[in-house]
file entry-v5.cif (mmCIF, N, CA and C atoms)
data_coords
loop_
_atom_site.label_atom_id
_atom_site.label_comp_id
_atom_site.auth_asym_id
_atom_site.auth_seq_id
_atom_site.Cartn_x
_atom_site.Cartn_y
_atom_site.Cartn_z
N MET A 1 -3.51 28.19 -35.55
CA MET A 1 -2.82 26.92 -35.46
C MET A 1 -2.46 26.47 -36.88
N ILE A 2 -1.27 25.94 -37.01
CA ILE A 2 -0.78 25.49 -38.30
C ILE A 2 -0.45 24.00 -38.24
N VAL A 3 -0.98 23.27 -39.21
CA VAL A 3 -0.67 21.86 -39.37
C VAL A 3 0.38 21.76 -40.47
N VAL A 4 1.46 21.08 -40.20
CA VAL A 4 2.51 20.88 -41.19
C VAL A 4 2.39 19.47 -41.73
N ASP A 5 2.17 19.36 -43.03
CA ASP A 5 1.99 18.06 -43.66
C ASP A 5 3.31 17.30 -43.72
N SER A 6 3.19 16.00 -43.83
CA SER A 6 4.38 15.14 -43.93
C SER A 6 5.24 15.50 -45.13
N SER A 7 4.64 16.01 -46.20
CA SER A 7 5.42 16.38 -47.39
C SER A 7 6.48 17.44 -47.05
N VAL A 8 6.19 18.30 -46.12
CA VAL A 8 7.16 19.33 -45.71
C VAL A 8 8.11 18.77 -44.66
N TRP A 9 7.57 18.03 -43.68
CA TRP A 9 8.43 17.44 -42.65
C TRP A 9 9.48 16.52 -43.26
N ILE A 10 9.09 15.71 -44.22
CA ILE A 10 10.03 14.77 -44.84
C ILE A 10 11.15 15.52 -45.54
N ASP A 11 10.80 16.56 -46.30
CA ASP A 11 11.84 17.39 -46.92
C ASP A 11 12.73 18.02 -45.85
N TYR A 12 12.11 18.49 -44.78
CA TYR A 12 12.86 19.14 -43.70
C TYR A 12 13.88 18.17 -43.09
N PHE A 13 13.44 16.96 -42.74
CA PHE A 13 14.34 15.99 -42.12
C PHE A 13 15.38 15.45 -43.10
N ASN A 14 15.07 15.48 -44.38
CA ASN A 14 16.04 15.05 -45.39
C ASN A 14 17.02 16.16 -45.78
N GLY A 15 16.85 17.34 -45.20
CA GLY A 15 17.76 18.45 -45.47
C GLY A 15 17.51 19.12 -46.81
N ASN A 16 16.33 18.89 -47.40
CA ASN A 16 16.00 19.56 -48.67
C ASN A 16 15.56 20.99 -48.38
N MET A 17 16.30 21.93 -48.92
CA MET A 17 15.98 23.33 -48.69
C MET A 17 15.00 23.80 -49.75
N THR A 18 13.79 24.13 -49.29
CA THR A 18 12.75 24.67 -50.15
C THR A 18 12.16 25.88 -49.43
N PRO A 19 11.39 26.69 -50.12
CA PRO A 19 10.75 27.81 -49.41
C PRO A 19 9.89 27.33 -48.23
N LYS A 20 9.28 26.16 -48.37
CA LYS A 20 8.42 25.66 -47.30
C LYS A 20 9.22 25.13 -46.12
N THR A 21 10.34 24.46 -46.38
CA THR A 21 11.17 24.01 -45.26
C THR A 21 11.86 25.20 -44.60
N ASP A 22 12.20 26.22 -45.39
CA ASP A 22 12.76 27.44 -44.81
C ASP A 22 11.74 28.11 -43.89
N TRP A 23 10.49 28.14 -44.35
CA TRP A 23 9.42 28.73 -43.52
C TRP A 23 9.28 27.93 -42.23
N LEU A 24 9.26 26.61 -42.35
CA LEU A 24 9.13 25.74 -41.17
C LEU A 24 10.28 25.97 -40.21
N ASP A 25 11.49 26.03 -40.73
CA ASP A 25 12.67 26.23 -39.87
C ASP A 25 12.54 27.54 -39.09
N ALA A 26 12.09 28.59 -39.77
CA ALA A 26 11.92 29.89 -39.10
C ALA A 26 10.75 29.88 -38.12
N ALA A 27 9.74 29.04 -38.40
CA ALA A 27 8.54 29.01 -37.56
C ALA A 27 8.73 28.21 -36.28
N LEU A 28 9.67 27.28 -36.28
CA LEU A 28 9.88 26.45 -35.09
C LEU A 28 10.19 27.33 -33.89
N GLY A 29 9.37 27.21 -32.87
CA GLY A 29 9.53 28.02 -31.66
C GLY A 29 8.83 29.37 -31.74
N ASN A 30 8.34 29.73 -32.93
CA ASN A 30 7.69 31.04 -33.10
C ASN A 30 6.22 30.95 -33.51
N GLU A 31 5.79 29.81 -34.00
CA GLU A 31 4.42 29.62 -34.45
C GLU A 31 3.78 28.46 -33.68
N SER A 32 2.47 28.46 -33.62
CA SER A 32 1.74 27.36 -33.00
C SER A 32 1.57 26.25 -34.03
N ILE A 33 2.37 25.21 -33.88
CA ILE A 33 2.35 24.09 -34.83
C ILE A 33 1.73 22.88 -34.15
N LEU A 34 0.86 22.24 -34.91
CA LEU A 34 0.15 21.07 -34.42
C LEU A 34 0.59 19.87 -35.25
N ILE A 35 0.73 18.72 -34.61
CA ILE A 35 1.07 17.49 -35.30
C ILE A 35 -0.12 16.54 -35.21
N GLY A 36 -0.58 16.11 -36.36
CA GLY A 36 -1.65 15.12 -36.39
C GLY A 36 -1.05 13.73 -36.27
N ASP A 37 -1.78 12.83 -35.63
CA ASP A 37 -1.28 11.47 -35.46
C ASP A 37 -0.99 10.78 -36.79
N LEU A 38 -1.78 11.05 -37.81
CA LEU A 38 -1.55 10.45 -39.13
C LEU A 38 -0.26 10.98 -39.75
N ILE A 39 -0.01 12.26 -39.57
CA ILE A 39 1.22 12.87 -40.08
C ILE A 39 2.42 12.33 -39.32
N LEU A 40 2.28 12.18 -38.01
CA LEU A 40 3.34 11.61 -37.18
C LEU A 40 3.74 10.23 -37.72
N THR A 41 2.75 9.41 -38.03
CA THR A 41 3.02 8.08 -38.57
C THR A 41 3.71 8.16 -39.92
N GLU A 42 3.19 9.00 -40.82
CA GLU A 42 3.78 9.11 -42.16
C GLU A 42 5.24 9.52 -42.10
N VAL A 43 5.54 10.47 -41.24
CA VAL A 43 6.92 10.98 -41.16
C VAL A 43 7.84 9.95 -40.53
N LEU A 44 7.46 9.42 -39.38
CA LEU A 44 8.36 8.54 -38.64
C LEU A 44 8.58 7.18 -39.31
N GLN A 45 7.64 6.70 -40.07
CA GLN A 45 7.81 5.39 -40.70
C GLN A 45 8.92 5.37 -41.74
N GLY A 46 9.34 6.53 -42.20
CA GLY A 46 10.34 6.59 -43.25
C GLY A 46 11.79 6.55 -42.77
N PHE A 47 12.01 6.64 -41.47
CA PHE A 47 13.39 6.67 -40.97
C PHE A 47 13.98 5.27 -40.93
N GLN A 48 15.18 5.13 -41.48
CA GLN A 48 15.86 3.83 -41.44
C GLN A 48 16.74 3.70 -40.21
N SER A 49 17.37 4.78 -39.83
CA SER A 49 18.27 4.77 -38.68
C SER A 49 17.47 4.96 -37.39
N ASP A 50 17.76 4.12 -36.38
CA ASP A 50 17.10 4.26 -35.08
C ASP A 50 17.42 5.60 -34.45
N LYS A 51 18.64 6.05 -34.61
CA LYS A 51 19.07 7.32 -34.03
C LYS A 51 18.27 8.48 -34.64
N ASP A 52 18.15 8.49 -35.97
CA ASP A 52 17.39 9.55 -36.64
C ASP A 52 15.91 9.47 -36.28
N PHE A 53 15.39 8.24 -36.18
CA PHE A 53 14.00 8.04 -35.78
C PHE A 53 13.75 8.65 -34.40
N GLN A 54 14.62 8.35 -33.43
CA GLN A 54 14.45 8.86 -32.07
C GLN A 54 14.55 10.38 -32.02
N LYS A 55 15.48 10.93 -32.78
CA LYS A 55 15.67 12.38 -32.82
C LYS A 55 14.43 13.07 -33.39
N ALA A 56 13.92 12.55 -34.51
CA ALA A 56 12.73 13.12 -35.13
C ALA A 56 11.52 12.96 -34.23
N LYS A 57 11.39 11.78 -33.63
CA LYS A 57 10.27 11.51 -32.73
C LYS A 57 10.27 12.50 -31.57
N SER A 58 11.42 12.75 -31.01
CA SER A 58 11.55 13.69 -29.90
C SER A 58 11.11 15.10 -30.32
N LEU A 59 11.55 15.53 -31.48
CA LEU A 59 11.17 16.86 -31.97
C LEU A 59 9.67 16.92 -32.21
N LEU A 60 9.13 15.95 -32.93
CA LEU A 60 7.71 15.98 -33.28
C LEU A 60 6.81 15.89 -32.05
N LEU A 61 7.22 15.11 -31.06
CA LEU A 61 6.41 14.99 -29.85
C LEU A 61 6.49 16.22 -28.95
N SER A 62 7.38 17.15 -29.28
CA SER A 62 7.45 18.38 -28.50
C SER A 62 6.30 19.33 -28.88
N PHE A 63 5.62 19.04 -29.98
CA PHE A 63 4.47 19.81 -30.41
C PHE A 63 3.19 19.16 -29.86
N HIS A 64 2.12 19.89 -29.96
CA HIS A 64 0.81 19.35 -29.57
C HIS A 64 0.40 18.31 -30.61
N VAL A 65 0.18 17.06 -30.17
CA VAL A 65 -0.20 15.97 -31.08
C VAL A 65 -1.68 15.67 -30.85
N VAL A 66 -2.43 15.59 -31.95
CA VAL A 66 -3.87 15.33 -31.85
C VAL A 66 -4.29 14.20 -32.78
N GLU A 67 -5.38 13.56 -32.42
CA GLU A 67 -6.00 12.57 -33.29
C GLU A 67 -6.74 13.31 -34.39
N MET A 68 -6.51 12.92 -35.62
CA MET A 68 -7.11 13.62 -36.76
C MET A 68 -8.41 13.00 -37.23
N LEU A 69 -8.61 11.73 -36.98
CA LEU A 69 -9.76 11.05 -37.55
C LEU A 69 -10.65 10.48 -36.46
N GLY A 70 -11.83 11.00 -36.40
CA GLY A 70 -12.89 10.46 -35.56
C GLY A 70 -14.09 10.30 -36.49
N GLN A 71 -15.21 9.94 -35.94
CA GLN A 71 -16.38 9.69 -36.76
C GLN A 71 -16.77 10.91 -37.61
N GLU A 72 -16.78 12.09 -36.99
CA GLU A 72 -17.21 13.30 -37.70
C GLU A 72 -16.30 13.62 -38.88
N VAL A 73 -15.00 13.60 -38.66
CA VAL A 73 -14.05 13.91 -39.74
C VAL A 73 -14.04 12.78 -40.78
N ALA A 74 -14.23 11.54 -40.32
CA ALA A 74 -14.29 10.41 -41.26
C ALA A 74 -15.46 10.59 -42.23
N LEU A 75 -16.62 10.92 -41.70
CA LEU A 75 -17.79 11.10 -42.56
C LEU A 75 -17.64 12.31 -43.47
N LYS A 76 -17.10 13.39 -42.93
CA LYS A 76 -16.90 14.59 -43.75
C LYS A 76 -15.84 14.35 -44.82
N SER A 77 -14.81 13.58 -44.50
CA SER A 77 -13.76 13.25 -45.49
C SER A 77 -14.36 12.46 -46.65
N ALA A 78 -15.22 11.50 -46.33
CA ALA A 78 -15.87 10.72 -47.39
C ALA A 78 -16.74 11.62 -48.25
N SER A 79 -17.47 12.54 -47.62
CA SER A 79 -18.30 13.48 -48.38
C SER A 79 -17.44 14.39 -49.25
N ASN A 80 -16.33 14.87 -48.70
CA ASN A 80 -15.46 15.74 -49.48
C ASN A 80 -14.86 15.00 -50.67
N TYR A 81 -14.45 13.76 -50.47
CA TYR A 81 -13.90 12.96 -51.56
C TYR A 81 -14.95 12.78 -52.66
N ARG A 82 -16.16 12.44 -52.27
CA ARG A 82 -17.24 12.24 -53.23
C ARG A 82 -17.57 13.54 -53.97
N TYR A 83 -17.58 14.65 -53.24
CA TYR A 83 -17.84 15.96 -53.84
C TYR A 83 -16.79 16.28 -54.92
N LEU A 84 -15.54 16.04 -54.59
CA LEU A 84 -14.47 16.31 -55.56
C LEU A 84 -14.56 15.37 -56.75
N ARG A 85 -14.88 14.11 -56.51
CA ARG A 85 -15.04 13.15 -57.62
C ARG A 85 -16.13 13.60 -58.58
N LYS A 86 -17.23 14.12 -58.05
CA LYS A 86 -18.33 14.63 -58.88
C LYS A 86 -17.87 15.81 -59.73
N LYS A 87 -16.87 16.52 -59.25
CA LYS A 87 -16.31 17.64 -59.99
C LYS A 87 -15.22 17.17 -60.96
N GLY A 88 -14.99 15.86 -61.00
CA GLY A 88 -13.99 15.31 -61.91
C GLY A 88 -12.58 15.27 -61.35
N VAL A 89 -12.47 15.46 -60.03
CA VAL A 89 -11.16 15.49 -59.37
C VAL A 89 -11.00 14.25 -58.51
N THR A 90 -9.92 13.51 -58.72
CA THR A 90 -9.64 12.36 -57.89
C THR A 90 -8.38 12.63 -57.07
N ILE A 91 -8.51 12.56 -55.77
CA ILE A 91 -7.37 12.71 -54.88
C ILE A 91 -6.68 11.35 -54.80
N ARG A 92 -5.36 11.35 -54.99
CA ARG A 92 -4.60 10.09 -55.05
C ARG A 92 -4.54 9.36 -53.72
N LYS A 93 -4.47 10.10 -52.62
CA LYS A 93 -4.29 9.46 -51.32
C LYS A 93 -5.41 9.86 -50.36
N THR A 94 -6.10 8.87 -49.86
CA THR A 94 -7.19 9.11 -48.91
C THR A 94 -6.69 9.90 -47.70
N ILE A 95 -5.48 9.62 -47.25
CA ILE A 95 -4.95 10.31 -46.06
C ILE A 95 -4.88 11.82 -46.29
N ASP A 96 -4.64 12.25 -47.54
CA ASP A 96 -4.61 13.69 -47.81
C ASP A 96 -6.00 14.31 -47.70
N VAL A 97 -7.02 13.58 -48.11
CA VAL A 97 -8.39 14.07 -47.93
C VAL A 97 -8.70 14.20 -46.44
N ILE A 98 -8.25 13.24 -45.66
CA ILE A 98 -8.48 13.28 -44.21
C ILE A 98 -7.76 14.48 -43.58
N ILE A 99 -6.50 14.65 -43.93
CA ILE A 99 -5.72 15.77 -43.37
C ILE A 99 -6.35 17.11 -43.77
N GLY A 100 -6.68 17.25 -45.04
CA GLY A 100 -7.31 18.48 -45.51
C GLY A 100 -8.64 18.73 -44.83
N THR A 101 -9.46 17.71 -44.71
CA THR A 101 -10.77 17.85 -44.07
C THR A 101 -10.61 18.20 -42.60
N PHE A 102 -9.65 17.59 -41.93
CA PHE A 102 -9.36 17.92 -40.53
C PHE A 102 -9.05 19.41 -40.39
N CYS A 103 -8.21 19.92 -41.28
CA CYS A 103 -7.85 21.35 -41.24
C CYS A 103 -9.05 22.24 -41.52
N ILE A 104 -9.84 21.87 -42.54
CA ILE A 104 -11.04 22.66 -42.86
C ILE A 104 -11.99 22.66 -41.67
N HIS A 105 -12.25 21.50 -41.12
CA HIS A 105 -13.19 21.33 -40.00
C HIS A 105 -12.78 22.17 -38.78
N ASN A 106 -11.49 22.21 -38.51
CA ASN A 106 -10.98 22.92 -37.33
C ASN A 106 -10.50 24.33 -37.62
N VAL A 107 -10.62 24.77 -38.86
CA VAL A 107 -10.18 26.08 -39.32
C VAL A 107 -8.70 26.31 -39.00
N PHE A 108 -7.89 25.29 -39.34
CA PHE A 108 -6.44 25.38 -39.21
C PHE A 108 -5.85 25.61 -40.60
N SER A 109 -4.71 26.24 -40.65
CA SER A 109 -3.98 26.40 -41.90
C SER A 109 -3.04 25.22 -42.08
N LEU A 110 -2.80 24.86 -43.34
CA LEU A 110 -1.94 23.73 -43.66
C LEU A 110 -0.72 24.20 -44.44
N LEU A 111 0.44 23.78 -44.00
CA LEU A 111 1.67 23.97 -44.76
C LEU A 111 1.97 22.65 -45.44
N HIS A 112 1.95 22.65 -46.77
CA HIS A 112 2.14 21.40 -47.50
C HIS A 112 2.94 21.63 -48.77
N ASP A 113 3.39 20.54 -49.35
CA ASP A 113 4.05 20.57 -50.64
C ASP A 113 3.58 19.34 -51.43
N ASP A 114 2.24 19.24 -51.59
CA ASP A 114 1.63 18.07 -52.20
C ASP A 114 0.44 18.53 -53.04
N ARG A 115 0.46 18.20 -54.30
CA ARG A 115 -0.58 18.67 -55.22
C ARG A 115 -1.97 18.12 -54.90
N ASP A 116 -2.05 17.07 -54.11
CA ASP A 116 -3.36 16.53 -53.74
C ASP A 116 -4.19 17.53 -52.94
N PHE A 117 -3.57 18.49 -52.31
CA PHE A 117 -4.30 19.45 -51.50
C PHE A 117 -4.87 20.60 -52.34
N THR A 118 -4.37 20.80 -53.54
CA THR A 118 -4.82 21.91 -54.37
C THR A 118 -6.33 21.91 -54.61
N PRO A 119 -6.94 20.76 -54.95
CA PRO A 119 -8.40 20.78 -55.12
C PRO A 119 -9.16 21.10 -53.83
N LEU A 120 -8.61 20.72 -52.70
CA LEU A 120 -9.26 21.06 -51.44
C LEU A 120 -9.18 22.55 -51.18
N GLU A 121 -8.08 23.18 -51.61
CA GLU A 121 -7.96 24.63 -51.52
C GLU A 121 -9.00 25.29 -52.43
N LYS A 122 -9.03 24.82 -53.67
CA LYS A 122 -9.87 25.44 -54.70
C LYS A 122 -11.36 25.24 -54.47
N HIS A 123 -11.77 24.04 -54.12
CA HIS A 123 -13.19 23.71 -54.05
C HIS A 123 -13.77 23.66 -52.65
N LEU A 124 -12.92 23.50 -51.63
CA LEU A 124 -13.43 23.31 -50.27
C LEU A 124 -12.88 24.34 -49.28
N ASN A 125 -12.18 25.33 -49.81
CA ASN A 125 -11.65 26.44 -48.99
C ASN A 125 -10.66 26.02 -47.92
N LEU A 126 -9.83 25.03 -48.23
CA LEU A 126 -8.74 24.68 -47.32
C LEU A 126 -7.81 25.88 -47.21
N ARG A 127 -7.54 26.28 -46.00
CA ARG A 127 -6.61 27.40 -45.76
C ARG A 127 -5.19 26.86 -45.76
N VAL A 128 -4.31 27.53 -46.48
CA VAL A 128 -2.92 27.12 -46.53
C VAL A 128 -2.00 28.26 -46.12
N VAL A 129 -0.82 27.90 -45.68
CA VAL A 129 0.19 28.89 -45.33
C VAL A 129 0.77 29.40 -46.65
N GLU A 130 0.66 30.68 -46.85
CA GLU A 130 1.19 31.30 -48.08
C GLU A 130 2.66 31.62 -47.90
N ILE A 131 3.46 31.17 -48.82
CA ILE A 131 4.90 31.40 -48.77
C ILE A 131 5.27 32.45 -49.79
#
call {"tool": "encode", "arguments": {"input": "entry-v5.cif", "output": "structure tokens"}}
result
Amino acid sequence: MIVVDSSVWIDYFNGNMTPKTDWLDAALGNESILIGDLILTEVLQGFQSDKDFQKAKSLLLSFHVVEMLGQEVALKSASNYRYLRKKGVTIRKTIDVIIGTFCIHNVFSLLHDDRDFTPLEKHLNLRVVEI
């Protein structure tokens, strides 16, 4: 199962061609992609046009959507954040720690384009989609 972070979805919907959006485009319909509720919120909140919002919402809801944060992942996310801080690493966005921890906890791979995930890869064995 692959979780696609909002950093890639946003580029994809904005028409930014990158190796990661190219991978996503090729994977649609061919890979098992999961949408986290937090990612769904991050992506959809950025649309200004109602038409584009509805179109994106329809596409995203065609995937399996799951809740990413429950008590177990919340506690583990806090522990992971504290662990990284002790190593001298500060993650800028709490939501990225949650998304990364969710993927680690469920042994899912993450497709992302956000440097906040790099320490989770390096120190916590976050699996990522290699491009």
call {"tool": "atom_distance", "arguments": {"input": "entry-v5.cif", "atom1": "atom CA of Gln45 of chain A", "atom2": "atom N of Lys57 of chain A"}}
result
10.2 Å
call {"tool": "select_by_dssp", "arguments": {"input": "entry-v5.cif", "residues": "chain A", "states": "strand (DSSP E or B)", "output": "JSON, numbers by chain"}}
result
{"A": [2, 3, 4, 33, 34, 35, 36, 64, 65, 66, 109, 110, 111, 128]}
call {"tool": "write_last_selection", "arguments": {"input": "entry-v5.cif", "atoms": "N, CA and C atoms", "output": "short mmCIF file (atom, residue, chain, number, x, y, z; two decimals), in the frame of the given file"}}
result
data_model
loop_
_atom_site.label_atom_id
_atom_site.label_comp_id
_atom_site.auth_asym_id
_atom_site.auth_seq_id
_atom_site.Cartn_x
_atom_site.Cartn_y
_atom_site.Cartn_z
N ILE A 2 -1.27 25.94 -37.01
CA ILE A 2 -0.78 25.49 -38.30
C ILE A 2 -0.45 24.00 -38.24
N VAL A 3 -0.98 23.27 -39.21
CA VAL A 3 -0.67 21.86 -39.37
C VAL A 3 0.38 21.76 -40.47
N VAL A 4 1.46 21.08 -40.20
CA VAL A 4 2.51 20.88 -41.19
C VAL A 4 2.39 19.47 -41.73
N ILE A 33 2.37 25.21 -33.88
CA ILE A 33 2.35 24.09 -34.83
C ILE A 33 1.73 22.88 -34.15
N LEU A 34 0.86 22.24 -34.91
CA LEU A 34 0.15 21.07 -34.42
C LEU A 34 0.59 19.87 -35.25
N ILE A 35 0.73 18.72 -34.61
CA ILE A 35 1.07 17.49 -35.30
C ILE A 35 -0.12 16.54 -35.21
N GLY A 36 -0.58 16.11 -36.36
CA GLY A 36 -1.65 15.12 -36.39
C GLY A 36 -1.05 13.73 -36.27
N HIS A 64 2.12 19.89 -29.96
CA HIS A 64 0.81 19.35 -29.57
C HIS A 64 0.40 18.31 -30.61
N VAL A 65 0.18 17.06 -30.17
CA VAL A 65 -0.20 15.97 -31.08
C VAL A 65 -1.68 15.67 -30.85
N VAL A 66 -2.43 15.59 -31.95
CA VAL A 66 -3.87 15.33 -31.85
C VAL A 66 -4.29 14.20 -32.78
N SER A 109 -4.71 26.24 -40.65
CA SER A 109 -3.98 26.40 -41.90
C SER A 109 -3.04 25.22 -42.08
N LEU A 110 -2.80 24.86 -43.34
CA LEU A 110 -1.94 23.73 -43.66
C LEU A 110 -0.72 24.20 -44.44
N LEU A 111 0.44 23.78 -44.00
CA LEU A 111 1.67 23.97 -44.76
C LEU A 111 1.97 22.65 -45.44
N VAL A 128 -4.31 27.53 -46.48
CA VAL A 128 -2.92 27.12 -46.53
C VAL A 128 -2.00 28.26 -46.12
#
call {"tool": "residues_around", "arguments": {"input": "entry-v5.cif", "residues": "segment 119-128 of chain A", "least_positions_apart": "5", "cutoff": "8 Å", "atoms": "only C-alpha atoms", "output": "list in words"}}
result
Asn80, Leu84, Val89, Val97, Gly100, Thr101, Cys103, Ile104, Val107, Phe108, Ser109, Leu110, Leu111 and His112 of chain A
call {"tool": "residues_around", "arguments": {"input": "entry-v5.cif", "residues": "segment 14-21 of chain A", "least_positions_apart": "5", "cutoff": "8 Å", "atoms": "all atoms listed in the file", "output": "PyMOL selection string"}}
result
chain A and resi 8-9+26-27+111-113+131
call {"tool": "axis_aligned_box", "arguments": {"input": "entry-v5.cif", "around": "segment 92-105 of chain A", "padding_each_side": "5 Å", "output": "JSON"}}
result
{"center_x": -8.7, "center_y": 15.8, "center_z": -46.9, "size_x": 18.9, "size_y": 23.8, "size_z": 26.3}
call {"tool": "closest_residue", "arguments": {"input": "entry-v5.cif", "among": "A:Lys51, A:His105, A:Lys93, A:His64", "to": "Leu34 of chain A", "atoms": "only N, CA and C atoms"}}
result
A:His64
call {"tool": "select_by_dssp", "arguments": {"input": "entry-v5.cif", "residues": "segment 9-68 of chain A", "states": "helix (DSSP H, G or I)", "output": "number ranges by chain"}}
result
A: 9-13, 19-27, 37-44, 50-60
call {"tool": "write_last_selection", "arguments": {"input": "entry-v5.cif", "atoms": "N, CA and C atoms", "output": "compact mmCIF listing (two decimals), keeping the file's coordinate frame"}}
result
# COMPACT_ATOMS: atom_id res chain seq x y z
N TRP A 9 7.57 18.03 -43.68
CA TRP A 9 8.43 17.44 -42.65
C TRP A 9 9.48 16.52 -43.26
N ILE A 10 9.09 15.71 -44.22
CA ILE A 10 10.03 14.77 -44.84
C ILE A 10 11.15 15.52 -45.54
N ASP A 11 10.80 16.56 -46.30
CA ASP A 11 11.84 17.39 -46.92
C ASP A 11 12.73 18.02 -45.85
N TYR A 12 12.11 18.49 -44.78
CA TYR A 12 12.86 19.14 -43.70
C TYR A 12 13.88 18.17 -43.09
N PHE A 13 13.44 16.96 -42.74
CA PHE A 13 14.34 15.99 -42.12
C PHE A 13 15.38 15.45 -43.10
N PRO A 19 11.39 26.69 -50.12
CA PRO A 19 10.75 27.81 -49.41
C PRO A 19 9.89 27.33 -48.23
N LYS A 20 9.28 26.16 -48.37
CA LYS A 20 8.42 25.66 -47.30
C LYS A 20 9.22 25.13 -46.12
N THR A 21 10.34 24.46 -46.38
CA THR A 21 11.17 24.01 -45.26
C THR A 21 11.86 25.20 -44.60
N ASP A 22 12.20 26.22 -45.39
CA ASP A 22 12.76 27.44 -44.81
C ASP A 22 11.74 28.11 -43.89
N TRP A 23 10.49 28.14 -44.35
CA TRP A 23 9.42 28.73 -43.52
C TRP A 23 9.28 27.93 -42.23
N LEU A 24 9.26 26.61 -42.35
CA LEU A 24 9.13 25.74 -41.17
C LEU A 24 10.28 25.97 -40.21
N ASP A 25 11.49 26.03 -40.73
CA ASP A 25 12.67 26.23 -39.87
C ASP A 25 12.54 27.54 -39.09
N ALA A 26 12.09 28.59 -39.77
CA ALA A 26 11.92 29.89 -39.10
C ALA A 26 10.75 29.88 -38.12
N ALA A 27 9.74 29.04 -38.40
CA ALA A 27 8.54 29.01 -37.56
C ALA A 27 8.73 28.21 -36.28
N ASP A 37 -1.78 12.83 -35.63
CA ASP A 37 -1.28 11.47 -35.46
C ASP A 37 -0.99 10.78 -36.79
N LEU A 38 -1.78 11.05 -37.81
CA LEU A 38 -1.55 10.45 -39.13
C LEU A 38 -0.26 10.98 -39.75
N ILE A 39 -0.01 12.26 -39.57
CA ILE A 39 1.22 12.87 -40.08
C ILE A 39 2.42 12.33 -39.32
N LEU A 40 2.28 12.18 -38.01
CA LEU A 40 3.34 11.61 -37.18
C LEU A 40 3.74 10.23 -37.72
N THR A 41 2.75 9.41 -38.03
CA THR A 41 3.02 8.08 -38.57
C THR A 41 3.71 8.16 -39.92
N GLU A 42 3.19 9.00 -40.82
CA GLU A 42 3.78 9.11 -42.16
C GLU A 42 5.24 9.52 -42.10
N VAL A 43 5.54 10.47 -41.24
CA VAL A 43 6.92 10.98 -41.16
C VAL A 43 7.84 9.95 -40.53
N LEU A 44 7.46 9.42 -39.38
CA LEU A 44 8.36 8.54 -38.64
C LEU A 44 8.58 7.18 -39.31
N ASP A 50 17.76 4.12 -36.38
CA ASP A 50 17.10 4.26 -35.08
C ASP A 50 17.42 5.60 -34.45
N LYS A 51 18.64 6.05 -34.61
CA LYS A 51 19.07 7.32 -34.03
C LYS A 51 18.27 8.48 -34.64
N ASP A 52 18.15 8.49 -35.97
CA ASP A 52 17.39 9.55 -36.64
C ASP A 52 15.91 9.47 -36.28
N PHE A 53 15.39 8.24 -36.18
CA PHE A 53 14.00 8.04 -35.78
C PHE A 53 13.75 8.65 -34.40
N GLN A 54 14.62 8.35 -33.43
CA GLN A 54 14.45 8.86 -32.07
C GLN A 54 14.55 10.38 -32.02
N LYS A 55 15.48 10.93 -32.78
CA LYS A 55 15.67 12.38 -32.82
C LYS A 55 14.43 13.07 -33.39
N ALA A 56 13.92 12.55 -34.51
CA ALA A 56 12.73 13.12 -35.13
C ALA A 56 11.52 12.96 -34.23
N LYS A 57 11.39 11.78 -33.63
CA LYS A 57 10.27 11.51 -32.73
C LYS A 57 10.27 12.50 -31.57
N SER A 58 11.42 12.75 -31.01
CA SER A 58 11.55 13.69 -29.90
C SER A 58 11.11 15.10 -30.32
N LEU A 59 11.55 15.53 -31.48
CA LEU A 59 11.17 16.86 -31.97
C LEU A 59 9.67 16.92 -32.21
N LEU A 60 9.13 15.95 -32.93
CA LEU A 60 7.71 15.98 -33.28
C LEU A 60 6.81 15.89 -32.05
call {"tool": "atom_distance", "arguments": {"input": "entry-v5.cif", "atom1": "atom C of Val66 of chain A", "atom2": "atom N of Leu38 of chain A"}}
result
6.4 Å
call {"tool": "atom_distance", "arguments": {"input": "entry-v5.cif", "atom1": "atom C of Ala74 of chain A", "atom2": "atom CA of Phe102 of chain A"}}
result
9.7 Å
call {"tool": "closest_residue", "arguments": {"input": "entry-v5.cif", "among": "A:Ile91, A:Ile2, A:Ile99, A:Met68", "to": "Ile33 of chain A", "atoms": "only N, CA and C atoms"}}
result
A:Ile2
call {"tool": "residues_near_point", "arguments": {"input": "entry-v5.cif", "point": "(-3.0, 9.0, -43.9)", "cutoff": "6.5 Å", "atoms": "all atoms listed in the file", "output": "list in words"}}
result
Leu38, Ile39, Thr94, Ile95 and Asp96 of chain A
call {"tool": "decode", "arguments": {"input": "entry-v5.cif", "residues": "segment 100-104 of chain A", "atoms": "N, CA, C and O atoms", "output": "CSV table (one decimal), in the first residue's frame"}}
result
chain,number,residue,atom,x,y,z
A,100,GLY,N,4.1,10.4,8.7
A,100,GLY,CA,5.2,9.5,8.7
A,100,GLY,C,5.0,8.4,9.7
A,100,GLY,O,5.3,7.2,9.4
A,101,THR,N,4.6,8.7,10.9
A,101,THR,CA,4.4,7.7,11.9
A,101,THR,C,3.3,6.7,11.5
A,101,THR,O,3.4,5.5,11.7
A,102,PHE,N,2.2,7.2,10.9
A,102,PHE,CA,1.1,6.3,10.4
A,102,PHE,C,1.7,5.3,9.4
A,102,PHE,O,1.4,4.1,9.5
A,103,CYS,N,2.5,5.8,8.5
A,103,CYS,CA,3.1,4.9,7.5
A,103,CYS,C,4.1,3.9,8.1
A,103,CYS,O,4.0,2.7,7.8
A,104,ILE,N,4.9,4.3,9.1
A,104,ILE,CA,5.8,3.4,9.8
A,104,ILE,C,5.0,2.4,10.5
A,104,ILE,O,5.3,1.2,10.4
